[in-house]
file start_28.pdb (PDB, C-alpha atoms and all ligand atoms)
ATOM      1  CA  MET A   8     133.810   4.870  47.515  1.00  0.00           C
ATOM      2  CA  ARG A   9     134.593   8.329  48.874  1.00  0.00           C
ATOM      3  CA  CYS A  10     132.535  11.447  48.171  1.00  0.00           C
ATOM      4  CA  VAL A  11     133.354  15.136  48.389  1.00  0.00           C
ATOM      5  CA  VAL A  12     130.496  17.573  47.810  1.00  0.00           C
ATOM      6  CA  ALA A  13     130.701  21.369  47.656  1.00  0.00           C
ATOM      7  CA  ASN A  14     127.659  23.279  48.902  1.00  0.00           C
ATOM      8  CA  TRP A  15     127.961  26.865  47.720  1.00  0.00           C
ATOM      9  CA  LYS A  16     124.649  27.840  49.338  1.00  0.00           C
ATOM     10  CA  MET A  17     123.468  31.279  48.056  1.00  0.00           C
ATOM     11  CA  ASN A  18     126.952  32.462  47.092  1.00  0.00           C
ATOM     12  CA  LEU A  19     128.943  33.355  43.975  1.00  0.00           C
ATOM     13  CA  LEU A  20     128.045  35.237  40.831  1.00  0.00           C
ATOM     14  CA  PHE A  21     128.650  33.844  37.374  1.00  0.00           C
ATOM     15  CA  PRO A  22     132.229  35.205  36.879  1.00  0.00           C
ATOM     16  CA  GLU A  23     133.338  33.892  40.290  1.00  0.00           C
ATOM     17  CA  ALA A  24     131.731  30.508  39.675  1.00  0.00           C
ATOM     18  CA  SER A  25     133.339  30.329  36.269  1.00  0.00           C
ATOM     19  CA  ASN A  26     136.770  31.146  37.712  1.00  0.00           C
ATOM     20  CA  PHE A  27     136.235  28.475  40.330  1.00  0.00           C
ATOM     21  CA  CYS A  28     135.571  25.884  37.622  1.00  0.00           C
ATOM     22  CA  SER A  29     138.682  26.789  35.606  1.00  0.00           C
ATOM     23  CA  THR A  30     141.010  26.786  38.614  1.00  0.00           C
ATOM     24  CA  PHE A  31     139.518  23.682  40.175  1.00  0.00           C
ATOM     25  CA  ALA A  32     139.583  21.714  36.916  1.00  0.00           C
ATOM     26  CA  GLU A  33     143.266  22.600  36.417  1.00  0.00           C
ATOM     27  CA  ASN A  34     144.051  21.175  39.853  1.00  0.00           C
ATOM     28  CA  TYR A  35     141.886  18.064  39.705  1.00  0.00           C
ATOM     29  CA  ASN A  36     142.560  14.603  38.340  1.00  0.00           C
ATOM     30  CA  PRO A  37     139.583  12.252  38.578  1.00  0.00           C
ATOM     31  CA  VAL A  38     140.019   8.940  40.374  1.00  0.00           C
ATOM     32  CA  GLU A  39     137.435   6.225  39.892  1.00  0.00           C
ATOM     33  CA  ASP A  40     136.618   5.592  43.517  1.00  0.00           C
ATOM     34  CA  VAL A  41     136.225   9.230  44.592  1.00  0.00           C
ATOM     35  CA  ARG A  42     133.061  11.072  43.545  1.00  0.00           C
ATOM     36  CA  VAL A  43     133.197  14.853  43.372  1.00  0.00           C
ATOM     37  CA  ALA A  44     130.080  17.015  43.134  1.00  0.00           C
ATOM     38  CA  ILE A  45     129.434  20.744  43.182  1.00  0.00           C
ATOM     39  CA  ALA A  46     126.099  22.152  44.338  1.00  0.00           C
ATOM     40  CA  PRO A  47     125.802  25.743  43.083  1.00  0.00           C
ATOM     41  CA  PRO A  48     122.697  27.922  43.401  1.00  0.00           C
ATOM     42  CA  SER A  49     120.095  26.626  40.940  1.00  0.00           C
ATOM     43  CA  ILE A  50     120.468  29.603  38.614  1.00  0.00           C
ATOM     44  CA  LEU A  51     124.064  28.513  37.928  1.00  0.00           C
ATOM     45  CA  LEU A  52     123.391  24.800  37.508  1.00  0.00           C
ATOM     46  CA  TRP A  53     123.414  24.586  33.726  1.00  0.00           C
ATOM     47  CA  THR A  54     126.408  26.893  33.387  1.00  0.00           C
ATOM     48  CA  ILE A  55     128.481  24.946  35.866  1.00  0.00           C
ATOM     49  CA  HIS A  56     127.408  21.634  34.373  1.00  0.00           C
ATOM     50  CA  SER A  57     128.396  22.845  30.895  1.00  0.00           C
ATOM     51  CA  GLN A  58     131.760  24.076  32.103  1.00  0.00           C
ATOM     52  CA  LEU A  59     132.624  20.901  34.005  1.00  0.00           C
ATOM     53  CA  ARG A  60     131.116  18.330  31.655  1.00  0.00           C
ATOM     54  CA  GLY A  61     133.508  15.511  30.779  1.00  0.00           C
ATOM     55  CA  ARG A  62     135.910  16.360  33.592  1.00  0.00           C
ATOM     56  CA  GLY A  63     134.699  13.803  36.133  1.00  0.00           C
ATOM     57  CA  ILE A  64     132.846  16.346  38.275  1.00  0.00           C
ATOM     58  CA  THR A  65     129.089  16.173  38.677  1.00  0.00           C
ATOM     59  CA  THR A  66     126.610  18.817  39.772  1.00  0.00           C
ATOM     60  CA  PHE A  67     123.970  18.610  42.480  1.00  0.00           C
ATOM     61  CA  ALA A  68     121.085  20.973  43.184  1.00  0.00           C
ATOM     62  CA  GLN A  69     120.683  22.316  46.726  1.00  0.00           C
ATOM     63  CA  ASN A  70     116.948  21.589  46.882  1.00  0.00           C
ATOM     64  CA  GLY A  71     114.086  20.457  44.685  1.00  0.00           C
ATOM     65  CA  HIS A  72     110.293  20.320  44.810  1.00  0.00           C
ATOM     66  CA  PHE A  73     108.486  16.988  44.990  1.00  0.00           C
ATOM     67  CA  GLU A  74     105.720  17.884  42.531  1.00  0.00           C
ATOM     68  CA  PRO A  75     106.562  17.235  38.868  1.00  0.00           C
ATOM     69  CA  LYS A  76     105.326  20.668  37.684  1.00  0.00           C
ATOM     70  CA  GLY A  77     102.668  23.299  38.278  1.00  0.00           C
ATOM     71  CA  ALA A  78     101.867  26.480  40.163  1.00  0.00           C
ATOM     72  CA  PHE A  79     104.759  26.547  42.652  1.00  0.00           C
ATOM     73  CA  THR A  80     106.306  29.977  42.074  1.00  0.00           C
ATOM     74  CA  GLY A  81     109.990  30.087  42.877  1.00  0.00           C
ATOM     75  CA  GLU A  82     110.426  26.327  43.033  1.00  0.00           C
ATOM     76  CA  VAL A  83     112.370  23.954  40.777  1.00  0.00           C
ATOM     77  CA  SER A  84     111.226  20.405  39.992  1.00  0.00           C
ATOM     78  CA  MET A  85     113.366  17.265  40.020  1.00  0.00           C
ATOM     79  CA  ALA A  86     112.790  16.920  36.274  1.00  0.00           C
ATOM     80  CA  GLN A  87     114.153  20.449  35.732  1.00  0.00           C
ATOM     81  CA  ILE A  88     117.164  19.678  37.935  1.00  0.00           C
ATOM     82  CA  ARG A  89     117.853  16.584  35.871  1.00  0.00           C
ATOM     83  CA  ASP A  90     117.351  18.632  32.704  1.00  0.00           C
ATOM     84  CA  ALA A  91     119.998  21.096  33.927  1.00  0.00           C
ATOM     85  CA  GLY A  92     122.531  18.254  33.917  1.00  0.00           C
ATOM     86  CA  CYS A  93     122.527  17.343  37.610  1.00  0.00           C
ATOM     87  CA  SER A  94     123.089  13.849  38.908  1.00  0.00           C
ATOM     88  CA  GLY A  95     121.964  14.567  42.468  1.00  0.00           C
ATOM     89  CA  VAL A  96     120.174  16.883  44.859  1.00  0.00           C
ATOM     90  CA  ILE A  97     120.879  17.919  48.447  1.00  0.00           C
ATOM     91  CA  LEU A  98     117.745  17.434  50.543  1.00  0.00           C
ATOM     92  CA  GLY A  99     116.914  18.431  54.094  1.00  0.00           C
ATOM     93  CA  HIS A 100     119.876  20.730  54.693  1.00  0.00           C
ATOM     94  CA  SER A 101     119.465  22.205  58.175  1.00  0.00           C
ATOM     95  CA  GLU A 102     119.171  25.700  56.674  1.00  0.00           C
ATOM     96  CA  ARG A 103     116.140  24.499  54.704  1.00  0.00           C
ATOM     97  CA  ARG A 104     114.697  22.765  57.741  1.00  0.00           C
ATOM     98  CA  GLN A 105     115.224  25.749  60.051  1.00  0.00           C
ATOM     99  CA  GLN A 106     114.643  28.736  57.780  1.00  0.00           C
ATOM    100  CA  PHE A 107     112.118  27.333  55.308  1.00  0.00           C
ATOM    101  CA  GLY A 108     110.182  24.969  57.533  1.00  0.00           C
ATOM    102  CA  GLU A 109     111.043  21.771  55.705  1.00  0.00           C
ATOM    103  CA  THR A 110     109.552  18.817  57.536  1.00  0.00           C
ATOM    104  CA  ASP A 111     110.360  15.120  57.473  1.00  0.00           C
ATOM    105  CA  GLU A 112     106.980  14.542  55.827  1.00  0.00           C
ATOM    106  CA  VAL A 113     107.915  16.807  52.911  1.00  0.00           C
ATOM    107  CA  LEU A 114     111.388  15.305  52.750  1.00  0.00           C
ATOM    108  CA  ALA A 115     110.003  11.793  52.346  1.00  0.00           C
ATOM    109  CA  LYS A 116     108.189  13.045  49.226  1.00  0.00           C
ATOM    110  CA  LYS A 117     111.311  14.829  47.961  1.00  0.00           C
ATOM    111  CA  VAL A 118     113.490  11.732  48.350  1.00  0.00           C
ATOM    112  CA  ALA A 119     110.954   9.672  46.415  1.00  0.00           C
ATOM    113  CA  ALA A 120     110.609  12.352  43.708  1.00  0.00           C
ATOM    114  CA  ALA A 121     114.392  12.623  43.306  1.00  0.00           C
ATOM    115  CA  GLN A 122     114.807   8.883  42.964  1.00  0.00           C
ATOM    116  CA  SER A 123     112.000   8.604  40.464  1.00  0.00           C
ATOM    117  CA  HIS A 124     113.842  11.169  38.295  1.00  0.00           C
ATOM    118  CA  LYS A 125     117.116   9.236  38.632  1.00  0.00           C
ATOM    119  CA  LEU A 126     118.645  11.909  40.849  1.00  0.00           C
ATOM    120  CA  LEU A 127     120.784  10.843  43.777  1.00  0.00           C
ATOM    121  CA  PRO A 128     119.337  12.293  46.997  1.00  0.00           C
ATOM    122  CA  LEU A 129     121.927  13.512  49.516  1.00  0.00           C
ATOM    123  CA  LEU A 130     119.840  13.561  52.686  1.00  0.00           C
ATOM    124  CA  CYS A 131     121.184  15.840  55.436  1.00  0.00           C
ATOM    125  CA  ILE A 132     120.486  15.037  59.069  1.00  0.00           C
ATOM    126  CA  GLY A 133     121.829  16.311  62.386  1.00  0.00           C
ATOM    127  CA  GLU A 134     120.991  17.678  65.783  1.00  0.00           C
ATOM    128  CA  THR A 135     121.045  21.171  67.283  1.00  0.00           C
ATOM    129  CA  LEU A 136     123.323  21.991  70.210  1.00  0.00           C
ATOM    130  CA  VAL A 137     120.360  21.960  72.606  1.00  0.00           C
ATOM    131  CA  GLU A 138     119.349  18.515  71.382  1.00  0.00           C
ATOM    132  CA  ARG A 139     122.911  17.239  71.864  1.00  0.00           C
ATOM    133  CA  GLU A 140     123.074  18.688  75.370  1.00  0.00           C
ATOM    134  CA  ARG A 141     119.770  17.003  76.184  1.00  0.00           C
ATOM    135  CA  GLU A 142     121.228  13.715  74.890  1.00  0.00           C
ATOM    136  CA  GLN A 143     118.646  13.570  72.095  1.00  0.00           C
ATOM    137  CA  THR A 144     121.150  13.225  69.240  1.00  0.00           C
ATOM    138  CA  PHE A 145     120.325   9.619  68.402  1.00  0.00           C
ATOM    139  CA  SER A 146     116.565  10.030  68.649  1.00  0.00           C
ATOM    140  CA  VAL A 147     116.688  13.122  66.374  1.00  0.00           C
ATOM    141  CA  ILE A 148     118.800  11.274  63.811  1.00  0.00           C
ATOM    142  CA  LYS A 149     116.518   8.245  63.982  1.00  0.00           C
ATOM    143  CA  THR A 150     113.434  10.377  63.300  1.00  0.00           C
ATOM    144  CA  GLN A 151     115.122  12.230  60.431  1.00  0.00           C
ATOM    145  CA  LEU A 152     116.248   8.953  58.848  1.00  0.00           C
ATOM    146  CA  SER A 153     112.782   7.456  59.131  1.00  0.00           C
ATOM    147  CA  VAL A 154     111.814   9.361  55.941  1.00  0.00           C
ATOM    148  CA  LEU A 155     113.621   6.560  54.123  1.00  0.00           C
ATOM    149  CA  LYS A 156     111.123   3.998  55.371  1.00  0.00           C
ATOM    150  CA  GLY A 157     109.377   2.557  52.358  1.00  0.00           C
ATOM    151  CA  VAL A 158     110.503   5.291  49.931  1.00  0.00           C
ATOM    152  CA  SER A 159     114.065   4.392  49.118  1.00  0.00           C
ATOM    153  CA  SER A 160     114.207   2.366  45.957  1.00  0.00           C
ATOM    154  CA  GLY A 161     117.555   3.537  44.619  1.00  0.00           C
ATOM    155  CA  PRO A 162     120.966   4.878  45.560  1.00  0.00           C
ATOM    156  CA  ILE A 163     121.110   7.481  48.305  1.00  0.00           C
ATOM    157  CA  TRP A 164     123.819   9.297  50.258  1.00  0.00           C
ATOM    158  CA  VAL A 165     123.416  10.615  53.781  1.00  0.00           C
ATOM    159  CA  ALA A 166     125.269  13.567  55.337  1.00  0.00           C
ATOM    160  CA  TYR A 167     125.571  13.803  59.109  1.00  0.00           C
ATOM    161  CA  GLU A 168     125.770  17.519  59.837  1.00  0.00           C
ATOM    162  CA  PRO A 169     125.524  18.510  63.488  1.00  0.00           C
ATOM    163  CA  ILE A 170     123.895  21.936  63.231  1.00  0.00           C
ATOM    164  CA  TRP A 171     126.182  23.435  65.874  1.00  0.00           C
ATOM    165  CA  ALA A 172     129.157  22.664  63.614  1.00  0.00           C
ATOM    166  CA  ILE A 173     127.808  24.230  60.403  1.00  0.00           C
ATOM    167  CA  GLY A 174     129.500  27.499  59.538  1.00  0.00           C
ATOM    168  CA  THR A 175     130.738  27.913  63.104  1.00  0.00           C
ATOM    169  CA  GLY A 176     134.352  26.813  62.733  1.00  0.00           C
ATOM    170  CA  ARG A 177     133.629  24.182  65.381  1.00  0.00           C
ATOM    171  CA  THR A 178     133.859  20.581  64.153  1.00  0.00           C
ATOM    172  CA  ALA A 179     132.545  17.551  65.992  1.00  0.00           C
ATOM    173  CA  ASP A 180     135.405  15.530  67.485  1.00  0.00           C
ATOM    174  CA  GLY A 181     136.370  12.066  66.262  1.00  0.00           C
ATOM    175  CA  ARG A 182     134.410  10.273  68.982  1.00  0.00           C
ATOM    176  CA  GLN A 183     131.227  12.290  68.329  1.00  0.00           C
ATOM    177  CA  ILE A 184     131.486  11.679  64.582  1.00  0.00           C
ATOM    178  CA  HIS A 185     132.191   7.982  65.045  1.00  0.00           C
ATOM    179  CA  GLU A 186     129.252   7.464  67.430  1.00  0.00           C
ATOM    180  CA  ALA A 187     126.844   9.270  65.125  1.00  0.00           C
ATOM    181  CA  HIS A 188     128.035   7.559  61.943  1.00  0.00           C
ATOM    182  CA  HIS A 189     127.972   4.142  63.605  1.00  0.00           C
ATOM    183  CA  PHE A 190     124.393   4.787  64.752  1.00  0.00           C
ATOM    184  CA  ILE A 191     123.391   5.992  61.269  1.00  0.00           C
ATOM    185  CA  ARG A 192     124.899   2.864  59.677  1.00  0.00           C
ATOM    186  CA  GLU A 193     122.904   0.609  62.013  1.00  0.00           C
ATOM    187  CA  GLU A 194     119.690   2.537  61.295  1.00  0.00           C
ATOM    188  CA  LEU A 195     120.298   2.400  57.542  1.00  0.00           C
ATOM    189  CA  ARG A 196     120.642  -1.384  57.790  1.00  0.00           C
ATOM    190  CA  VAL A 197     117.338  -1.568  59.655  1.00  0.00           C
ATOM    191  CA  LEU A 198     115.598   0.707  57.139  1.00  0.00           C
ATOM    192  CA  LEU A 199     117.143  -0.488  53.880  1.00  0.00           C
ATOM    193  CA  GLY A 200     118.343  -4.001  54.633  1.00  0.00           C
ATOM    194  CA  GLU A 201     121.622  -5.068  53.017  1.00  0.00           C
ATOM    195  CA  ALA A 202     121.613  -1.913  50.829  1.00  0.00           C
ATOM    196  CA  GLY A 203     122.057   0.096  54.038  1.00  0.00           C
ATOM    197  CA  SER A 204     125.583  -1.289  54.432  1.00  0.00           C
ATOM    198  CA  SER A 205     126.876   0.496  51.355  1.00  0.00           C
ATOM    199  CA  VAL A 206     125.167   3.909  51.615  1.00  0.00           C
ATOM    200  CA  PRO A 207     127.947   6.535  51.813  1.00  0.00           C
ATOM    201  CA  ILE A 208     127.721   8.586  55.028  1.00  0.00           C
ATOM    202  CA  LEU A 209     129.358  12.005  54.665  1.00  0.00           C
ATOM    203  CA  TYR A 210     130.264  14.323  57.512  1.00  0.00           C
ATOM    204  CA  GLY A 211     129.537  18.045  57.293  1.00  0.00           C
ATOM    205  CA  GLY A 212     130.302  20.924  59.634  1.00  0.00           C
ATOM    206  CA  SER A 213     133.266  23.285  59.257  1.00  0.00           C
ATOM    207  CA  VAL A 214     135.298  20.829  57.207  1.00  0.00           C
ATOM    208  CA  LYS A 215     138.378  22.413  55.673  1.00  0.00           C
ATOM    209  CA  ALA A 216     141.604  21.270  54.033  1.00  0.00           C
ATOM    210  CA  SER A 217     143.443  21.193  57.369  1.00  0.00           C
ATOM    211  CA  ASN A 218     140.985  18.942  59.244  1.00  0.00           C
ATOM    212  CA  PHE A 219     139.580  16.759  56.474  1.00  0.00           C
ATOM    213  CA  GLY A 220     142.295  14.081  56.696  1.00  0.00           C
ATOM    214  CA  SER A 221     141.613  13.334  60.330  1.00  0.00           C
ATOM    215  CA  ILE A 222     137.822  13.406  59.825  1.00  0.00           C
ATOM    216  CA  LEU A 223     138.185  10.972  56.942  1.00  0.00           C
ATOM    217  CA  SER A 224     140.145   8.573  59.129  1.00  0.00           C
ATOM    218  CA  VAL A 225     137.122   8.113  61.430  1.00  0.00           C
ATOM    219  CA  PRO A 226     135.455   4.736  60.756  1.00  0.00           C
ATOM    220  CA  GLN A 227     132.218   4.957  58.730  1.00  0.00           C
ATOM    221  CA  VAL A 228     133.072   8.394  57.291  1.00  0.00           C
ATOM    222  CA  SER A 229     132.825   8.217  53.487  1.00  0.00           C
ATOM    223  CA  GLY A 230     133.575  11.850  52.719  1.00  0.00           C
ATOM    224  CA  ALA A 231     132.341  15.360  53.363  1.00  0.00           C
ATOM    225  CA  LEU A 232     129.720  17.922  52.517  1.00  0.00           C
ATOM    226  CA  VAL A 233     131.675  21.163  52.570  1.00  0.00           C
ATOM    227  CA  GLY A 234     130.154  24.636  52.800  1.00  0.00           C
ATOM    228  CA  GLY A 235     132.351  27.699  53.335  1.00  0.00           C
ATOM    229  CA  ALA A 236     135.680  26.083  52.439  1.00  0.00           C
ATOM    230  CA  SER A 237     134.323  24.694  49.169  1.00  0.00           C
ATOM    231  CA  MET A 238     134.261  28.079  47.450  1.00  0.00           C
ATOM    232  CA  ASP A 239     138.047  28.283  47.365  1.00  0.00           C
ATOM    233  CA  PRO A 240     138.998  26.142  44.340  1.00  0.00           C
ATOM    234  CA  LEU A 241     142.493  25.343  45.599  1.00  0.00           C
ATOM    235  CA  ALA A 242     141.300  24.397  49.091  1.00  0.00           C
ATOM    236  CA  PHE A 243     138.550  22.256  47.588  1.00  0.00           C
ATOM    237  CA  ALA A 244     141.051  20.601  45.223  1.00  0.00           C
ATOM    238  CA  GLU A 245     143.251  19.841  48.235  1.00  0.00           C
ATOM    239  CA  MET A 246     140.300  18.217  50.036  1.00  0.00           C
ATOM    240  CA  VAL A 247     139.561  16.087  46.996  1.00  0.00           C
ATOM    241  CA  LYS A 248     143.225  15.039  46.883  1.00  0.00           C
ATOM    242  CA  THR A 249     143.024  14.088  50.553  1.00  0.00           C
ATOM    243  CA  ALA A 250     140.060  11.823  49.757  1.00  0.00           C
ATOM    244  CA  GLN A 251     141.920  10.317  46.815  1.00  0.00           C
ATOM    245  CA  GLU A 252     144.974   9.545  48.931  1.00  0.00           C
ATOM    246  CA  ALA A 253     143.094   8.219  51.971  1.00  0.00           C
TER     247      ALA A 253
HETATM  248  C1  LIG B 301     127.079  22.900  54.889  1.00  0.00           C
HETATM  249  O1  LIG B 301     126.609  23.914  54.391  1.00  0.00           O
HETATM  250  O2  LIG B 301     126.530  21.813  54.670  1.00  0.00           O
HETATM  251  C2  LIG B 301     128.255  23.014  55.746  1.00  0.00           C
HETATM  252  C3  LIG B 301     128.697  21.941  56.327  1.00  0.00           C
HETATM  253  O3  LIG B 301     128.804  24.272  55.883  1.00  0.00           O
HETATM  254  P1  LIG B 301     130.257  24.609  56.512  1.00  0.00           P
HETATM  255  O4  LIG B 301     131.251  23.661  55.879  1.00  0.00           O
HETATM  256  O5  LIG B 301     130.500  26.012  56.167  1.00  0.00           O
HETATM  257  O6  LIG B 301     130.158  24.352  57.986  1.00  0.00           O
END
call {"tool": "encode", "arguments": {"input": "start_28.pdb", "output": "structure tokens"}}
result
Amino acid sequence: MRCVVANWKMNLLFPEASNFCSTFAENYNPVEDVRVAIAPPSILLWTIHSQLRGRGITTFAQNGHFEPKGAFTGEVSMAQIRDAGCSGVILGHSERRQQFGETDEVLAKKVAAAQSHKLLPLLCIGETLVEREREQTFSVIKTQLSVLKGVSSGPIWVAYEPIWAIGTGRTADGRQIHEAHHFIREELRVLLGEAGSSVPILYGGSVKASNFGSILSVPQVSGALVGGASMDPLAFAEMVKTAQEA
């Protein structure tokens, strides 16, 4: 199975998002083995879900709270995300970790909460440039993945996103991606047993239509989490086509 996920972050207003859906849908033919998801800002979730329903495109939230409900102003629960038509939720994006202080402890609760609401967690992991230069990449990834210990009871996807490659135009090279994905696969097998062999591992970090084919040819790469380039419907459709033809 291959997976292509668009992360719009805090971008696009309703008319732009709506135009995206029309143009993308016109240029997209679903294929069984390639999963396509769009993660808009939460305020657009229901609208996008309604517009894309029945077209083989699912929606993911970009974050969710672990508590089922209550006095958490500004937050959205997993039940509400599910209610808005989503099938998954991005968790632990580096922007959430760095700018909103999300810790592995909190993420373990979020993964469990997502799974208990039948949402697919897409757990993002990855090292900073300083950590890579200090040769701490594997230990950082190992710690970030350890949130899956004892909590994962259902399907999960993982995205390897080296932080130095996000939004910078600088992608990791094939060897760096292969080493990281191979390490993640081994860790997933340790943490999840046989189920760890089939968890899709996506790459994220300045993926665009022109480099996606070569990234996808790296062993253990199941697809991509795409930020900036995912807001152009034609470029995103081209990336999906690349995954379908790979
Ligand atoms: C992301 O937001 O997860 C991401 C990978 O962004 P970009 O593609 O813009 O680097």
call {"tool": "resolve_selection", "arguments": {"input": "start_28.pdb", "expression": "the PyMOL selection byres (((chain A and resi 74-81) around 12) and not hetatm)", "output": "PyMOL selection string"}}
result
chain A and resi 49-50+70-73+82-89+113-114+116-121+123-124
call {"tool": "residues_near_ligand", "arguments": {"input": "start_28.pdb", "ligand": "ligand LIG 301 (chain B)", "cutoff": "12 Å", "atoms": "all atoms listed in the file", "output": "PDB file with C-alpha atoms, keeping the file's coordinate frame"}}
result
ATOM      1  CA  VAL A  11     133.354  15.136  48.389  1.00  0.00           C
ATOM      2  CA  VAL A  12     130.496  17.573  47.810  1.00  0.00           C
ATOM      3  CA  ALA A  13     130.701  21.369  47.656  1.00  0.00           C
ATOM      4  CA  ASN A  14     127.659  23.279  48.902  1.00  0.00           C
ATOM      5  CA  TRP A  15     127.961  26.865  47.720  1.00  0.00           C
ATOM      6  CA  LYS A  16     124.649  27.840  49.338  1.00  0.00           C
ATOM      7  CA  MET A  17     123.468  31.279  48.056  1.00  0.00           C
ATOM      8  CA  ASN A  18     126.952  32.462  47.092  1.00  0.00           C
ATOM      9  CA  ILE A  45     129.434  20.744  43.182  1.00  0.00           C
ATOM     10  CA  ALA A  46     126.099  22.152  44.338  1.00  0.00           C
ATOM     11  CA  PRO A  47     125.802  25.743  43.083  1.00  0.00           C
ATOM     12  CA  GLN A  69     120.683  22.316  46.726  1.00  0.00           C
ATOM     13  CA  ILE A  97     120.879  17.919  48.447  1.00  0.00           C
ATOM     14  CA  LEU A  98     117.745  17.434  50.543  1.00  0.00           C
ATOM     15  CA  GLY A  99     116.914  18.431  54.094  1.00  0.00           C
ATOM     16  CA  HIS A 100     119.876  20.730  54.693  1.00  0.00           C
ATOM     17  CA  SER A 101     119.465  22.205  58.175  1.00  0.00           C
ATOM     18  CA  GLU A 102     119.171  25.700  56.674  1.00  0.00           C
ATOM     19  CA  ARG A 103     116.140  24.499  54.704  1.00  0.00           C
ATOM     20  CA  LEU A 129     121.927  13.512  49.516  1.00  0.00           C
ATOM     21  CA  LEU A 130     119.840  13.561  52.686  1.00  0.00           C
ATOM     22  CA  CYS A 131     121.184  15.840  55.436  1.00  0.00           C
ATOM     23  CA  ILE A 132     120.486  15.037  59.069  1.00  0.00           C
ATOM     24  CA  GLY A 133     121.829  16.311  62.386  1.00  0.00           C
ATOM     25  CA  VAL A 165     123.416  10.615  53.781  1.00  0.00           C
ATOM     26  CA  ALA A 166     125.269  13.567  55.337  1.00  0.00           C
ATOM     27  CA  TYR A 167     125.571  13.803  59.109  1.00  0.00           C
ATOM     28  CA  GLU A 168     125.770  17.519  59.837  1.00  0.00           C
ATOM     29  CA  PRO A 169     125.524  18.510  63.488  1.00  0.00           C
ATOM     30  CA  ILE A 170     123.895  21.936  63.231  1.00  0.00           C
ATOM     31  CA  TRP A 171     126.182  23.435  65.874  1.00  0.00           C
ATOM     32  CA  ALA A 172     129.157  22.664  63.614  1.00  0.00           C
ATOM     33  CA  ILE A 173     127.808  24.230  60.403  1.00  0.00           C
ATOM     34  CA  GLY A 174     129.500  27.499  59.538  1.00  0.00           C
ATOM     35  CA  THR A 175     130.738  27.913  63.104  1.00  0.00           C
ATOM     36  CA  GLY A 176     134.352  26.813  62.733  1.00  0.00           C
ATOM     37  CA  ARG A 177     133.629  24.182  65.381  1.00  0.00           C
ATOM     38  CA  THR A 178     133.859  20.581  64.153  1.00  0.00           C
ATOM     39  CA  ALA A 179     132.545  17.551  65.992  1.00  0.00           C
ATOM     40  CA  LEU A 209     129.358  12.005  54.665  1.00  0.00           C
ATOM     41  CA  TYR A 210     130.264  14.323  57.512  1.00  0.00           C
ATOM     42  CA  GLY A 211     129.537  18.045  57.293  1.00  0.00           C
ATOM     43  CA  GLY A 212     130.302  20.924  59.634  1.00  0.00           C
ATOM     44  CA  SER A 213     133.266  23.285  59.257  1.00  0.00           C
ATOM     45  CA  VAL A 214     135.298  20.829  57.207  1.00  0.00           C
ATOM     46  CA  LYS A 215     138.378  22.413  55.673  1.00  0.00           C
ATOM     47  CA  ALA A 216     141.604  21.270  54.033  1.00  0.00           C
ATOM     48  CA  ASN A 218     140.985  18.942  59.244  1.00  0.00           C
ATOM     49  CA  PHE A 219     139.580  16.759  56.474  1.00  0.00           C
ATOM     50  CA  GLY A 230     133.575  11.850  52.719  1.00  0.00           C
ATOM     51  CA  ALA A 231     132.341  15.360  53.363  1.00  0.00           C
ATOM     52  CA  LEU A 232     129.720  17.922  52.517  1.00  0.00           C
ATOM     53  CA  VAL A 233     131.675  21.163  52.570  1.00  0.00           C
ATOM     54  CA  GLY A 234     130.154  24.636  52.800  1.00  0.00           C
ATOM     55  CA  GLY A 235     132.351  27.699  53.335  1.00  0.00           C
ATOM     56  CA  ALA A 236     135.680  26.083  52.439  1.00  0.00           C
ATOM     57  CA  SER A 237     134.323  24.694  49.169  1.00  0.00           C
ATOM     58  CA  MET A 238     134.261  28.079  47.450  1.00  0.00           C
ATOM     59  CA  ASP A 239     138.047  28.283  47.365  1.00  0.00           C
ATOM     60  CA  PHE A 243     138.550  22.256  47.588  1.00  0.00           C
TER      61      PHE A 243
END
call {"tool": "resolve_selection", "arguments": {"input": "start_28.pdb", "expression": "the PyMOL selection byres (((chain A and resi 191) around 9) and not hetatm)", "output": "ChimeraX atom specification"}}
result
/A:145,148-149,152,165,167,186-190,192-196,208
call {"tool": "atom_distance", "arguments": {"input": "start_28.pdb", "atom1": "CA of Ser221 (chain A)", "atom2": "CA of Thr249 (chain A)"}}
result
9.9 Å
call {"tool": "atom_distance", "arguments": {"input": "start_28.pdb", "atom1": "CA of Arg139 (chain A)", "atom2": "CA of Asp111 (chain A)"}}
result
19.2 Å
call {"tool": "build_atoms", "arguments": {"input": "start_28.pdb", "residues": "region 106-112 of chain A", "atoms": "N, CA and C atoms", "output": "short mmCIF file (atom, residue, chain, number, x, y, z; two decimals), keeping the file's coordinate frame"}}
result
data_model
loop_
_atom_site.label_atom_id
_atom_site.label_comp_id
_atom_site.auth_asym_id
_atom_site.auth_seq_id
_atom_site.Cartn_x
_atom_site.Cartn_y
_atom_site.Cartn_z
N GLN A 106 115.08 27.43 58.29
CA GLN A 106 114.64 28.74 57.78
C GLN A 106 113.45 28.65 56.83
N PHE A 107 113.21 27.45 56.28
CA PHE A 107 112.12 27.33 55.31
C PHE A 107 111.10 26.28 55.71
N GLY A 108 111.20 25.84 56.96
CA GLY A 108 110.18 24.97 57.53
C GLY A 108 110.04 23.61 56.87
N GLU A 109 111.15 23.09 56.35
CA GLU A 109 111.04 21.77 55.70
C GLU A 109 110.87 20.68 56.75
N THR A 110 109.85 19.86 56.56
CA THR A 110 109.55 18.82 57.54
C THR A 110 109.96 17.45 57.00
N ASP A 111 110.02 16.48 57.90
CA ASP A 111 110.36 15.12 57.47
C ASP A 111 109.31 14.58 56.50
N GLU A 112 108.06 15.01 56.71
CA GLU A 112 106.98 14.54 55.83
C GLU A 112 107.24 14.99 54.37
#
